[in-house]
Number of protein chains: 2
Amino acid sequence: MDHPDQTDSFEEAAGERPFLSNYLLFLLASTSASASEEFHATVRAHGLRVPEWRVLACLHEEDGQMVTRLAPLALAEQSRLTRIIMQMDARGLVERRSDPEDRRRVRIYLTAEGRALADDMIARARDHEAELLSVLPAGKGEELRQLLKEVHAKLTARD
Amino acid sequence: MDHPDQTDSFEEAAGERPFLSNYLLFLLASTSASASEEFHATVRAHGLRVPEWRVLACLHEEDGQMVTRLAPLALAEQSRLTRIIMQMDARGLVERRSDPEDRRRVRIYLTAEGRALADDMIARARDHEAELLSVLPAGKGEELRQLLKEVHAKLTARD
DNA sequence: ACTGGAAGCATGAAATATCATGCAATGATC
DNA sequence: GATCATTGCATGATATTTCATGCTTCCAGT
């Protein structure tokens, strides 16, 4: 039945597996989007936009970071992050202080309110992650985490 | 030196591993972003915006899809996709035809030019993916792909 | 010290995205 | 087969994002 020498239209050839559903960049983007969406609903329910939550998480990890360092971590472009920080500042979640070592730099610090919110959201993020992983066969989640850490490291190594 | 019964500030406690760099949603989003960025440069170099490339890839896989089906696949919201399609139509990459079975539906078809571009870009995507995977120890890439397919399936199963 | 260049952040104008809603076609219920 | 709800797509108003560029501060070389 299969005469590969005849039907080589490339598109519908016999042994082809579908491209899209196996394409790594698609799987990454799509999985990231659907996995994140659930939690992002929680984020918005707490009056935060997604990049604001990311900033809180980054500062929770290390307070007083500069805008330029925060931007890639929060997956936001610099000018966008500047504005987000300004709004968070206006709202009293963070505080901007010029770095005395280098006055070009602006370092961002959590306020008490910001820290409280960050703590709360981080706890929720942990819970959500646990719940997310629970739909997978045991161990798979950690396996995925480790692989992603590896790839992520390789990719960000070559700046 | 370490008296865990004293310094339990939760934040800087002894055995804590960093949250962010182990947080699955962060790893997914950040890895996806940096992995995609390289290829997206290629996409733009060919005069396409990222969602346009995604539409081409989706149609290459299955021509004549409806807008509503295309939107989640191309990771774009419906009204956004409508406009993107309109531009691609204006540019001659796709064609919109009302579905005779259900005249609310608009089905999108690749034009000859669109198909040629899609074929070309898919080939480049394959190449880029191979190159991307080559920075990983052999096998790791496929392992990652399989895990992502699993998680992706689980996540999209519960609509 | 002086000059050129780069780093760090801010900002205006233009491009995009989103949200709610509109409209048309279909399906379901009685 | 009239009515009401729903699906599918389009669209206007608004909000967000981006791009280029400006301004300031620092650094390197001279």
# chains A, B, ... in the order shown; residues from 1 in each chain; ligands from 1
call {"tool": "calpha_fit_and_write", "arguments": {"fixed": "chain A", "moving": "chain B", "output": "CSV table (one decimal) with N, CA and C atoms, in the first residue's frame"}}
result
chain,number,residue,atom,x,y,z
B,1,MET,N,-1.1,-0.1,-1.1
B,1,MET,CA,-1.7,1.2,-1.2
B,1,MET,C,-0.7,2.3,-1.1
B,2,ASP,N,0.2,2.2,-0.2
B,2,ASP,CA,1.2,3.3,-0.1
B,2,ASP,C,2.4,3.1,-1.0
B,3,HIS,N,2.5,3.9,-2.0
B,3,HIS,CA,3.7,3.8,-2.8
B,3,HIS,C,4.5,5.1,-2.6
B,4,PRO,N,5.4,5.0,-1.6
B,4,PRO,CA,6.1,6.2,-1.2
B,4,PRO,C,6.9,6.8,-2.4
B,5,ASP,N,7.2,6.0,-3.4
B,5,ASP,CA,8.0,6.5,-4.5
B,5,ASP,C,7.1,7.4,-5.4
B,6,GLN,N,5.8,7.4,-5.2
B,6,GLN,CA,4.9,8.2,-6.0
B,6,GLN,C,4.5,9.4,-5.3
B,7,THR,N,4.1,9.3,-4.0
B,7,THR,CA,3.4,10.4,-3.3
B,7,THR,C,4.3,11.2,-2.4
B,8,ASP,N,5.4,11.6,-2.8
B,8,ASP,CA,6.3,12.3,-1.9
B,8,ASP,C,6.1,13.8,-1.9
B,9,SER,N,4.9,14.2,-1.5
B,9,SER,CA,4.6,15.6,-1.5
B,9,SER,C,5.1,16.3,-0.3
B,10,PHE,N,5.9,15.6,0.5
B,10,PHE,CA,6.6,16.2,1.7
B,10,PHE,C,5.5,16.5,2.7
B,11,GLU,N,4.4,17.1,2.3
B,11,GLU,CA,3.3,17.5,3.2
B,11,GLU,C,2.6,16.3,3.8
B,12,GLU,N,2.2,15.4,3.0
B,12,GLU,CA,1.4,14.3,3.5
B,12,GLU,C,2.1,12.9,3.3
B,13,ALA,N,3.4,13.0,3.3
B,13,ALA,CA,4.2,11.8,3.2
B,13,ALA,C,3.9,10.8,4.3
B,14,ALA,N,4.2,9.6,4.1
B,14,ALA,CA,3.8,8.5,5.0
B,14,ALA,C,4.3,8.7,6.4
B,15,GLY,N,5.6,8.6,6.6
B,15,GLY,CA,6.1,8.5,8.0
B,15,GLY,C,6.2,9.8,8.8
B,16,GLU,N,5.6,10.9,8.2
B,16,GLU,CA,5.7,12.2,8.9
B,16,GLU,C,5.0,12.2,10.2
B,17,ARG,N,5.6,12.7,11.3
B,17,ARG,CA,4.9,13.0,12.5
B,17,ARG,C,4.5,14.5,12.4
B,18,PRO,N,3.4,14.9,13.1
B,18,PRO,CA,3.0,16.3,13.0
B,18,PRO,C,4.1,17.2,13.5
B,19,PHE,N,4.2,18.3,12.9
B,19,PHE,CA,5.3,19.2,13.3
B,19,PHE,C,4.9,19.9,14.6
B,20,LEU,N,3.8,20.6,14.5
B,20,LEU,CA,3.5,21.6,15.5
B,20,LEU,C,3.5,21.0,16.9
B,21,SER,N,2.8,19.9,17.1
B,21,SER,CA,2.6,19.3,18.4
B,21,SER,C,3.8,18.6,18.9
B,22,ASN,N,4.9,18.6,18.1
B,22,ASN,CA,6.1,18.1,18.6
B,22,ASN,C,7.2,19.2,18.6
B,23,TYR,N,6.9,20.3,18.2
B,23,TYR,CA,7.8,21.4,18.1
B,23,TYR,C,8.1,22.0,19.5
B,24,LEU,N,9.4,22.0,19.8
B,24,LEU,CA,9.7,22.3,21.2
B,24,LEU,C,9.3,23.7,21.6
B,25,LEU,N,9.5,24.7,20.7
B,25,LEU,CA,9.1,26.1,21.0
B,25,LEU,C,7.6,26.2,21.2
B,26,PHE,N,6.9,25.5,20.4
B,26,PHE,CA,5.4,25.5,20.6
B,26,PHE,C,5.0,24.9,21.9
B,27,LEU,N,5.6,23.7,22.2
B,27,LEU,CA,5.3,23.1,23.5
B,27,LEU,C,5.6,23.9,24.7
B,28,LEU,N,6.7,24.6,24.6
B,28,LEU,CA,7.1,25.5,25.7
B,28,LEU,C,6.2,26.6,25.9
B,29,ALA,N,5.9,27.3,24.7
B,29,ALA,CA,5.0,28.5,24.8
B,29,ALA,C,3.6,28.1,25.2
B,30,SER,N,3.1,27.1,24.6
B,30,SER,CA,1.7,26.7,24.9
B,30,SER,C,1.5,26.2,26.3
B,31,THR,N,2.5,25.3,26.7
B,31,THR,CA,2.4,24.8,28.1
B,31,THR,C,2.5,25.9,29.1
B,32,SER,N,3.5,26.8,28.8
B,32,SER,CA,3.6,27.9,29.7
B,32,SER,C,2.4,28.7,29.8
B,33,ALA,N,1.8,29.0,28.7
B,33,ALA,CA,0.6,29.8,28.6
B,33,ALA,C,-0.6,29.2,29.4
B,34,SER,N,-0.8,27.9,29.1
B,34,SER,CA,-2.0,27.3,29.8
B,34,SER,C,-1.7,27.0,31.3
B,35,ALA,N,-0.5,26.7,31.6
B,35,ALA,CA,-0.2,26.5,33.0
B,35,ALA,C,-0.3,27.8,33.8
B,36,SER,N,0.2,28.9,33.2
B,36,SER,CA,0.2,30.1,33.9
B,36,SER,C,-1.2,30.8,34.0
B,37,GLU,N,-2.0,30.5,33.0
B,37,GLU,CA,-3.3,31.2,33.0
B,37,GLU,C,-4.1,31.0,34.3
B,38,GLU,N,-4.1,29.8,34.8
B,38,GLU,CA,-4.9,29.6,36.0
B,38,GLU,C,-4.4,30.5,37.1
B,39,PHE,N,-3.1,30.5,37.3
B,39,PHE,CA,-2.6,31.3,38.4
B,39,PHE,C,-2.7,32.8,38.1
B,40,HIS,N,-2.6,33.2,36.9
B,40,HIS,CA,-2.7,34.6,36.5
B,40,HIS,C,-4.1,35.1,36.9
B,41,ALA,N,-5.1,34.2,36.8
B,41,ALA,CA,-6.5,34.6,37.2
B,41,ALA,C,-6.4,35.0,38.7
B,42,THR,N,-5.7,34.2,39.5
B,42,THR,CA,-5.6,34.5,40.9
B,42,THR,C,-4.9,35.9,41.1
B,43,VAL,N,-3.8,36.0,40.3
B,43,VAL,CA,-3.1,37.3,40.4
B,43,VAL,C,-4.0,38.5,40.2
B,44,ARG,N,-4.8,38.4,39.1
B,44,ARG,CA,-5.6,39.5,38.8
B,44,ARG,C,-6.7,39.7,39.9
B,45,ALA,N,-7.1,38.6,40.4
B,45,ALA,CA,-8.2,38.6,41.5
B,45,ALA,C,-7.6,39.4,42.7
B,46,HIS,N,-6.3,39.5,42.8
B,46,HIS,CA,-5.8,40.2,43.9
B,46,HIS,C,-5.3,41.6,43.5
B,47,GLY,N,-5.9,42.1,42.4
B,47,GLY,CA,-5.6,43.4,42.0
B,47,GLY,C,-4.3,43.7,41.4
B,48,LEU,N,-3.6,42.6,41.0
B,48,LEU,CA,-2.3,42.8,40.4
B,48,LEU,C,-2.3,42.4,38.9
B,49,ARG,N,-1.5,43.1,38.1
B,49,ARG,CA,-1.3,42.6,36.8
B,49,ARG,C,-0.1,41.7,36.8
B,50,VAL,N,0.0,40.9,35.8
B,50,VAL,CA,1.0,39.8,35.8
B,50,VAL,C,2.4,40.3,36.0
B,51,PRO,N,2.8,41.4,35.3
B,51,PRO,CA,4.2,41.8,35.5
B,51,PRO,C,4.4,42.4,36.9
B,52,GLU,N,3.3,42.9,37.5
B,52,GLU,CA,3.5,43.4,38.9
B,52,GLU,C,3.7,42.2,39.8
B,53,TRP,N,3.0,41.2,39.6
B,53,TRP,CA,3.2,40.0,40.4
B,53,TRP,C,4.7,39.5,40.2
B,54,ARG,N,5.2,39.5,39.0
B,54,ARG,CA,6.5,39.1,38.8
B,54,ARG,C,7.5,39.9,39.5
B,55,VAL,N,7.3,41.2,39.5
B,55,VAL,CA,8.2,42.1,40.2
B,55,VAL,C,8.2,41.8,41.7
B,56,LEU,N,7.0,41.6,42.2
B,56,LEU,CA,6.9,41.3,43.6
B,56,LEU,C,7.7,40.0,43.9
B,57,ALA,N,7.6,39.0,43.1
B,57,ALA,CA,8.3,37.8,43.3
B,57,ALA,C,9.8,38.0,43.2
B,58,CYS,N,10.2,38.8,42.3
B,58,CYS,CA,11.7,39.0,42.2
B,58,CYS,C,12.2,39.8,43.4
B,59,LEU,N,11.5,40.7,43.9
B,59,LEU,CA,11.9,41.5,45.0
B,59,LEU,C,11.9,40.7,46.3
B,60,HIS,N,10.9,39.8,46.4
B,60,HIS,CA,10.8,38.9,47.5
B,60,HIS,C,12.1,38.1,47.6
B,61,GLU,N,12.5,37.7,46.4
B,61,GLU,CA,13.8,36.9,46.4
B,61,GLU,C,15.0,37.7,46.7
B,62,GLU,N,15.0,38.9,46.2
B,62,GLU,CA,16.2,39.8,46.5
B,62,GLU,C,15.7,41.3,46.4
B,63,ASP,N,15.6,41.9,47.5
B,63,ASP,CA,15.1,43.3,47.6
B,63,ASP,C,16.2,44.2,47.1
B,64,GLY,N,15.7,45.4,46.6
B,64,GLY,CA,16.7,46.4,46.2
B,64,GLY,C,17.4,46.2,44.9
B,65,GLN,N,16.8,45.5,44.0
B,65,GLN,CA,17.4,45.3,42.7
B,65,GLN,C,17.2,46.5,41.8
B,66,MET,N,18.1,46.6,40.8
B,66,MET,CA,17.9,47.7,39.9
B,66,MET,C,17.0,47.4,38.8
B,67,VAL,N,16.5,48.4,38.2
B,67,VAL,CA,15.5,48.3,37.1
B,67,VAL,C,16.0,47.4,36.0
B,68,THR,N,17.2,47.6,35.6
B,68,THR,CA,17.8,46.8,34.5
B,68,THR,C,17.9,45.4,34.8
B,69,ARG,N,18.1,45.1,36.0
B,69,ARG,CA,18.3,43.7,36.4
B,69,ARG,C,16.9,43.0,36.5
B,70,LEU,N,16.0,43.8,37.0
B,70,LEU,CA,14.6,43.3,37.2
B,70,LEU,C,13.9,43.0,35.9
B,71,ALA,N,14.2,43.8,34.9
B,71,ALA,CA,13.5,43.6,33.6
B,71,ALA,C,13.5,42.2,33.0
B,72,PRO,N,14.7,41.7,32.8
B,72,PRO,CA,14.7,40.3,32.2
B,72,PRO,C,14.1,39.3,33.1
B,73,LEU,N,14.3,39.5,34.4
B,73,LEU,CA,13.7,38.5,35.4
B,73,LEU,C,12.2,38.5,35.3
B,74,ALA,N,11.6,39.7,35.2
B,74,ALA,CA,10.2,39.9,35.2
B,74,ALA,C,9.6,39.7,33.7
B,75,LEU,N,10.5,39.4,32.8
B,75,LEU,CA,10.1,39.1,31.4
B,75,LEU,C,9.5,40.4,30.8
B,76,ALA,N,10.0,41.5,31.2
B,76,ALA,CA,9.4,42.7,30.6
B,76,ALA,C,10.6,43.6,30.1
B,77,GLU,N,10.2,44.4,29.1
B,77,GLU,CA,11.2,45.2,28.5
B,77,GLU,C,11.4,46.4,29.4
B,78,GLN,N,12.6,47.0,29.3
B,78,GLN,CA,13.0,48.1,30.3
B,78,GLN,C,12.0,49.2,30.4
B,79,SER,N,11.6,49.8,29.3
B,79,SER,CA,10.7,51.0,29.4
B,79,SER,C,9.4,50.6,30.0
B,80,ARG,N,8.9,49.4,29.7
B,80,ARG,CA,7.7,48.9,30.3
B,80,ARG,C,7.8,48.7,31.8
B,81,LEU,N,8.9,48.1,32.2
B,81,LEU,CA,9.1,47.9,33.6
B,81,LEU,C,9.2,49.2,34.3
B,82,THR,N,9.9,50.2,33.8
B,82,THR,CA,9.9,51.5,34.4
B,82,THR,C,8.5,52.0,34.7
B,83,ARG,N,7.6,51.9,33.8
B,83,ARG,CA,6.3,52.4,34.0
B,83,ARG,C,5.5,51.5,35.0
B,84,ILE,N,5.7,50.2,35.0
B,84,ILE,CA,5.1,49.3,35.9
B,84,ILE,C,5.5,49.7,37.3
B,85,ILE,N,6.8,49.8,37.5
B,85,ILE,CA,7.4,50.2,38.8
B,85,ILE,C,6.8,51.5,39.3
B,86,MET,N,6.7,52.5,38.4
B,86,MET,CA,6.1,53.8,38.8
B,86,MET,C,4.7,53.6,39.3
B,87,GLN,N,3.9,52.7,38.7
B,87,GLN,CA,2.6,52.5,39.2
B,87,GLN,C,2.6,51.8,40.5
B,88,MET,N,3.5,50.8,40.6
B,88,MET,CA,3.5,50.1,41.9
B,88,MET,C,4.0,51.0,43.0
B,89,ASP,N,4.8,52.0,42.7
B,89,ASP,CA,5.3,53.0,43.6
B,89,ASP,C,4.1,53.8,44.0
B,90,ALA,N,3.4,54.3,43.0
B,90,ALA,CA,2.2,55.2,43.3
B,90,ALA,C,1.2,54.4,44.2
B,91,ARG,N,1.2,53.1,44.0
B,91,ARG,CA,0.2,52.4,44.8
B,91,ARG,C,0.8,52.0,46.2
B,92,GLY,N,2.0,52.2,46.4
B,92,GLY,CA,2.6,52.0,47.7
B,92,GLY,C,3.1,50.6,47.9
B,93,LEU,N,3.3,49.8,46.8
B,93,LEU,CA,3.9,48.5,46.9
B,93,LEU,C,5.4,48.4,46.9
B,94,VAL,N,6.0,49.4,46.2
B,94,VAL,CA,7.5,49.4,46.2
B,94,VAL,C,7.9,50.9,46.4
B,95,GLU,N,9.2,51.0,46.6
B,95,GLU,CA,9.8,52.3,46.8
B,95,GLU,C,11.0,52.4,45.9
B,96,ARG,N,11.2,53.5,45.2
B,96,ARG,CA,12.4,53.7,44.4
B,96,ARG,C,13.4,54.5,45.1
B,97,ARG,N,14.7,54.0,45.2
B,97,ARG,CA,15.7,54.8,45.8
B,97,ARG,C,16.9,54.9,44.8
B,98,SER,N,17.4,56.0,44.6
B,98,SER,CA,18.6,56.2,43.8
B,98,SER,C,19.8,55.6,44.5
B,99,ASP,N,20.6,54.8,43.8
B,99,ASP,CA,21.8,54.2,44.4
B,99,ASP,C,22.9,55.2,44.6
B,100,PRO,N,23.3,55.3,45.9
B,100,PRO,CA,24.4,56.3,46.1
B,100,PRO,C,25.7,56.0,45.5
B,101,GLU,N,25.9,54.7,45.3
B,101,GLU,CA,27.2,54.2,44.6
B,101,GLU,C,27.2,54.7,43.2
B,102,ASP,N,26.1,54.7,42.5
B,102,ASP,CA,26.0,55.0,41.1
B,102,ASP,C,24.7,55.7,40.9
B,103,ARG,N,24.7,57.0,40.8
B,103,ARG,CA,23.4,57.7,40.8
B,103,ARG,C,22.6,57.5,39.6
B,104,ARG,N,23.1,56.8,38.6
B,104,ARG,CA,22.2,56.5,37.4
B,104,ARG,C,21.2,55.4,37.8
B,105,ARG,N,21.6,54.6,38.7
B,105,ARG,CA,20.8,53.4,39.1
B,105,ARG,C,19.7,53.8,40.0
B,106,VAL,N,18.6,53.1,39.8
B,106,VAL,CA,17.4,53.2,40.7
B,106,VAL,C,17.2,51.8,41.2
B,107,ARG,N,17.2,51.8,42.5
B,107,ARG,CA,17.0,50.5,43.2
B,107,ARG,C,15.6,50.4,43.7
B,108,ILE,N,15.0,49.2,43.6
B,108,ILE,CA,13.6,49.1,44.0
B,108,ILE,C,13.5,48.2,45.2
B,109,TYR,N,12.7,48.8,46.2
B,109,TYR,CA,12.5,48.1,47.5
B,109,TYR,C,11.1,47.8,47.7
B,110,LEU,N,10.8,46.7,48.3
B,110,LEU,CA,9.4,46.4,48.7
B,110,LEU,C,9.0,47.3,49.9
B,111,THR,N,7.8,47.8,50.0
B,111,THR,CA,7.3,48.5,51.2
B,111,THR,C,6.8,47.4,52.1
B,112,ALA,N,6.4,47.8,53.3
B,112,ALA,CA,5.8,46.8,54.1
B,112,ALA,C,4.6,46.1,53.5
B,113,GLU,N,3.7,47.0,52.9
B,113,GLU,CA,2.6,46.5,52.2
B,113,GLU,C,2.9,45.6,51.1
B,114,GLY,N,3.9,46.0,50.3
B,114,GLY,CA,4.4,45.2,49.2
B,114,GLY,C,4.9,43.9,49.6
B,115,ARG,N,5.6,43.9,50.7
B,115,ARG,CA,6.2,42.6,51.2
B,115,ARG,C,5.1,41.7,51.7
B,116,ALA,N,4.1,42.2,52.4
B,116,ALA,CA,3.0,41.4,52.8
B,116,ALA,C,2.3,40.8,51.6
B,117,LEU,N,2.0,41.6,50.6
B,117,LEU,CA,1.3,41.0,49.4
B,117,LEU,C,2.2,40.0,48.8
B,118,ALA,N,3.5,40.3,48.7
B,118,ALA,CA,4.4,39.3,48.0
B,118,ALA,C,4.4,38.0,48.8
B,119,ASP,N,4.5,38.1,50.1
B,119,ASP,CA,4.5,36.8,50.9
B,119,ASP,C,3.2,36.0,50.6
B,120,ASP,N,2.1,36.8,50.6
B,120,ASP,CA,0.8,36.1,50.4
B,120,ASP,C,0.8,35.4,49.1
B,121,MET,N,1.2,36.2,48.0
B,121,MET,CA,1.1,35.6,46.7
B,121,MET,C,2.1,34.5,46.5
B,122,ILE,N,3.3,34.6,47.1
B,122,ILE,CA,4.2,33.5,46.9
B,122,ILE,C,3.6,32.2,47.5
B,123,ALA,N,3.0,32.4,48.7
B,123,ALA,CA,2.4,31.2,49.3
B,123,ALA,C,1.3,30.6,48.3
B,124,ARG,N,0.5,31.5,47.7
B,124,ARG,CA,-0.5,31.0,46.8
B,124,ARG,C,0.2,30.3,45.6
B,125,ALA,N,1.3,30.9,45.1
B,125,ALA,CA,2.0,30.3,44.0
B,125,ALA,C,2.5,28.9,44.3
B,126,ARG,N,3.0,28.7,45.5
B,126,ARG,CA,3.5,27.4,45.9
B,126,ARG,C,2.3,26.4,45.9
B,127,ASP,N,1.2,26.9,46.5
B,127,ASP,CA,0.1,26.0,46.5
B,127,ASP,C,-0.4,25.6,45.1
B,128,HIS,N,-0.5,26.6,44.3
B,128,HIS,CA,-0.9,26.4,42.9
B,128,HIS,C,0.0,25.4,42.2
B,129,GLU,N,1.3,25.6,42.4
B,129,GLU,CA,2.3,24.7,41.8
B,129,GLU,C,2.1,23.3,42.2
B,130,ALA,N,1.9,23.1,43.5
B,130,ALA,CA,1.7,21.8,44.1
B,130,ALA,C,0.5,21.1,43.4
B,131,GLU,N,-0.6,21.9,43.3
B,131,GLU,CA,-1.8,21.4,42.7
B,131,GLU,C,-1.6,21.0,41.2
B,132,LEU,N,-0.8,21.9,40.5
B,132,LEU,CA,-0.5,21.7,39.1
B,132,LEU,C,0.3,20.4,39.0
B,133,LEU,N,1.3,20.2,39.8
B,133,LEU,CA,2.1,19.0,39.7
B,133,LEU,C,1.3,17.7,40.1
B,134,SER,N,0.3,17.9,40.9
B,134,SER,CA,-0.5,16.7,41.3
B,134,SER,C,-1.2,16.0,40.2
B,135,VAL,N,-1.4,16.7,39.1
B,135,VAL,CA,-2.0,16.0,37.9
B,135,VAL,C,-1.1,15.1,37.2
B,136,LEU,N,0.2,15.2,37.5
B,136,LEU,CA,1.2,14.4,36.9
B,136,LEU,C,1.5,13.2,37.7
B,137,PRO,N,1.9,12.1,37.0
B,137,PRO,CA,2.5,10.9,37.7
B,137,PRO,C,3.6,11.4,38.6
B,138,ALA,N,3.7,10.8,39.8
B,138,ALA,CA,4.7,11.2,40.8
B,138,ALA,C,6.1,11.2,40.1
B,139,GLY,N,6.9,12.2,40.5
B,139,GLY,CA,8.2,12.3,40.0
B,139,GLY,C,8.4,13.0,38.7
B,140,LYS,N,7.4,12.9,37.8
B,140,LYS,CA,7.4,13.6,36.5
B,140,LYS,C,7.6,15.1,36.7
B,141,GLY,N,7.0,15.7,37.7
B,141,GLY,CA,7.1,17.1,37.9
B,141,GLY,C,8.5,17.5,38.2
B,142,GLU,N,9.1,16.8,39.1
B,142,GLU,CA,10.5,17.2,39.5
B,142,GLU,C,11.5,17.0,38.3
B,143,GLU,N,11.2,15.9,37.5
B,143,GLU,CA,12.0,15.6,36.3
B,143,GLU,C,11.9,16.8,35.4
B,144,LEU,N,10.7,17.3,35.2
B,144,LEU,CA,10.5,18.4,34.3
B,144,LEU,C,11.2,19.7,34.8
B,145,ARG,N,11.0,19.9,36.1
B,145,ARG,CA,11.7,21.0,36.7
B,145,ARG,C,13.2,21.0,36.5
B,146,GLN,N,13.8,19.9,36.7
B,146,GLN,CA,15.2,19.8,36.5
B,146,GLN,C,15.7,20.0,35.1
B,147,LEU,N,14.9,19.4,34.2
B,147,LEU,CA,15.3,19.6,32.8
B,147,LEU,C,15.2,21.0,32.4
B,148,LEU,N,14.1,21.7,32.8
B,148,LEU,CA,13.9,23.1,32.5
B,148,LEU,C,15.0,23.9,33.1
B,149,LYS,N,15.4,23.6,34.3
B,149,LYS,CA,16.5,24.4,34.9
B,149,LYS,C,17.8,24.2,34.1
B,150,GLU,N,18.0,23.0,33.6
B,150,GLU,CA,19.2,22.8,32.8
B,150,GLU,C,19.2,23.6,31.5
B,151,VAL,N,18.0,23.5,30.8
B,151,VAL,CA,17.9,24.2,29.5
B,151,VAL,C,18.0,25.7,29.8
B,152,HIS,N,17.3,26.2,30.8
B,152,HIS,CA,17.2,27.6,31.1
B,152,HIS,C,18.6,28.1,31.4
B,153,ALA,N,19.4,27.3,32.2
B,153,ALA,CA,20.8,27.7,32.5
B,153,ALA,C,21.6,27.8,31.2
B,154,LYS,N,21.5,26.8,30.4
B,154,LYS,CA,22.3,26.8,29.1
B,154,LYS,C,21.9,28.1,28.3
B,155,LEU,N,20.6,28.3,28.2
B,155,LEU,CA,20.2,29.4,27.3
B,155,LEU,C,20.6,30.8,27.9
B,156,THR,N,20.5,31.0,29.2
B,156,THR,CA,20.8,32.3,29.7
B,156,THR,C,22.3,32.5,29.9
B,157,ALA,N,23.1,31.4,29.9
B,157,ALA,CA,24.5,31.5,30.0
B,157,ALA,C,25.1,32.3,28.9
B,158,ARG,N,24.7,32.0,27.7
B,158,ARG,CA,25.3,32.7,26.5
B,158,ARG,C,24.5,34.0,26.3
B,159,ASP,N,24.8,35.0,27.1
B,159,ASP,CA,24.2,36.4,27.0
B,159,ASP,C,24.5,37.0,25.7
call {"tool": "closest_atom_pairs", "arguments": {"of": "chain C", "to": "chain B", "cutoff": "12 Å", "atoms": "only C-alpha atoms (C1' of nucleotides)", "output": "JSON lines"}}
result
{"residue": "C:DT16", "atom": "C1'", "partner": "B:Arg80", "partner_atom": "CA", "distance": 9.0}
{"residue": "C:DA17", "atom": "C1'", "partner": "B:Arg80", "partner_atom": "CA", "distance": 6.9}
{"residue": "C:DT18", "atom": "C1'", "partner": "B:Arg80", "partner_atom": "CA", "distance": 8.4}
{"residue": "C:DC19", "atom": "C1'", "partner": "B:Ser79", "partner_atom": "CA", "distance": 9.8}
{"residue": "C:DA20", "atom": "C1'", "partner": "B:Ser79", "partner_atom": "CA", "distance": 11.4}
{"residue": "C:DC23", "atom": "C1'", "partner": "B:Arg104", "partner_atom": "CA", "distance": 10.8}
{"residue": "C:DA24", "atom": "C1'", "partner": "B:Arg104", "partner_atom": "CA", "distance": 7.2}
{"residue": "C:DA25", "atom": "C1'", "partner": "B:Arg104", "partner_atom": "CA", "distance": 5.4}
{"residue": "C:DT26", "atom": "C1'", "partner": "B:Asp102", "partner_atom": "CA", "distance": 7.6}
{"residue": "C:DG27", "atom": "C1'", "partner": "B:Asp102", "partner_atom": "CA", "distance": 11.5}
call {"tool": "write_last_selection", "arguments": {"atoms": "N, CA and C atoms (P, O5', C5', C4', C3', O3' and C1' of nucleotides)", "output": "tab-separated table (two decimals), in the first residue's frame"}}
result
chain	number	residue	atom	x	y	z
C	16	DT	P	2.11	47.45	14.61
C	16	DT	O5'	1.77	46.64	15.94
C	16	DT	C5'	1.38	47.39	17.07
C	16	DT	C4'	1.16	46.47	18.23
C	16	DT	C3'	0.17	45.35	17.97
C	16	DT	O3'	0.54	44.27	18.81
C	16	DT	C1'	-0.79	46.96	19.44
C	17	DA	P	-0.30	42.94	18.85
C	17	DA	O5'	-1.22	43.24	20.12
C	17	DA	C5'	-0.62	43.63	21.32
C	17	DA	C4'	-1.61	43.65	22.46
C	17	DA	C3'	-2.63	42.52	22.48
C	17	DA	O3'	-2.76	42.12	23.84
C	17	DA	C1'	-3.74	44.61	22.40
C	18	DT	P	-3.82	40.96	24.25
C	18	DT	O5'	-5.01	41.82	24.87
C	18	DT	C5'	-4.72	42.75	25.90
C	18	DT	C4'	-5.99	43.41	26.35
C	18	DT	C3'	-7.16	42.45	26.59
C	18	DT	O3'	-7.67	42.79	27.87
C	18	DT	C1'	-7.81	44.20	25.13
C	19	DC	P	-8.62	41.77	28.63
C	19	DC	O5'	-9.96	42.63	28.74
C	19	DC	C5'	-9.87	44.06	28.76
C	19	DC	C4'	-11.26	44.65	28.54
C	19	DC	C3'	-12.41	43.67	28.76
C	19	DC	O3'	-13.36	44.28	29.61
C	19	DC	C1'	-12.53	44.65	26.57
C	20	DA	P	-14.61	43.45	30.15
C	20	DA	O5'	-15.80	44.19	29.40
C	20	DA	C5'	-15.71	45.61	29.24
C	20	DA	C4'	-16.56	46.05	28.08
C	20	DA	C3'	-17.96	45.41	28.06
C	20	DA	O3'	-18.89	46.46	27.96
C	20	DA	C1'	-16.90	45.17	25.94
C	23	DC	P	-25.81	46.85	16.23
C	23	DC	O5'	-25.62	45.69	15.17
C	23	DC	C5'	-24.43	45.63	14.38
C	23	DC	C4'	-24.33	44.27	13.76
C	23	DC	C3'	-25.68	43.66	13.37
C	23	DC	O3'	-25.57	43.12	12.08
C	23	DC	C1'	-24.46	42.14	14.66
C	24	DA	P	-26.95	42.85	11.22
C	24	DA	O5'	-26.64	41.47	10.48
C	24	DA	C5'	-25.30	41.14	10.19
C	24	DA	C4'	-25.11	39.66	10.37
C	24	DA	C3'	-26.32	38.82	9.92
C	24	DA	O3'	-25.84	37.86	9.02
C	24	DA	C1'	-25.61	38.17	12.08
C	25	DA	P	-26.88	36.86	8.27
C	25	DA	O5'	-26.61	35.48	9.04
C	25	DA	C5'	-25.33	34.90	8.94
C	25	DA	C4'	-25.31	33.68	9.82
C	25	DA	C3'	-26.41	32.66	9.50
C	25	DA	O3'	-25.78	31.41	9.32
C	25	DA	C1'	-26.41	33.22	11.81
C	26	DT	P	-26.71	30.14	8.96
C	26	DT	O5'	-26.93	29.47	10.38
C	26	DT	C5'	-25.79	28.99	11.08
C	26	DT	C4'	-26.19	28.57	12.47
C	26	DT	C3'	-27.20	27.43	12.53
C	26	DT	O3'	-26.51	26.27	12.97
C	26	DT	C1'	-27.63	29.13	14.15
C	27	DG	P	-27.24	24.90	13.14
C	27	DG	O5'	-27.80	24.93	14.64
C	27	DG	C5'	-26.91	25.23	15.70
C	27	DG	C4'	-27.64	25.15	17.03
C	27	DG	C3'	-28.62	23.98	17.15
C	27	DG	O3'	-28.40	23.43	18.45
C	27	DG	C1'	-29.76	26.04	17.54
call {"tool": "interface_residues", "arguments": {"of": "chain D", "to": "chain B", "cutoff": "8 Å", "atoms": "only C-alpha atoms (C1' of nucleotides)", "output": "list in words"}}
result
DG8, DC9 and DA10 of chain D
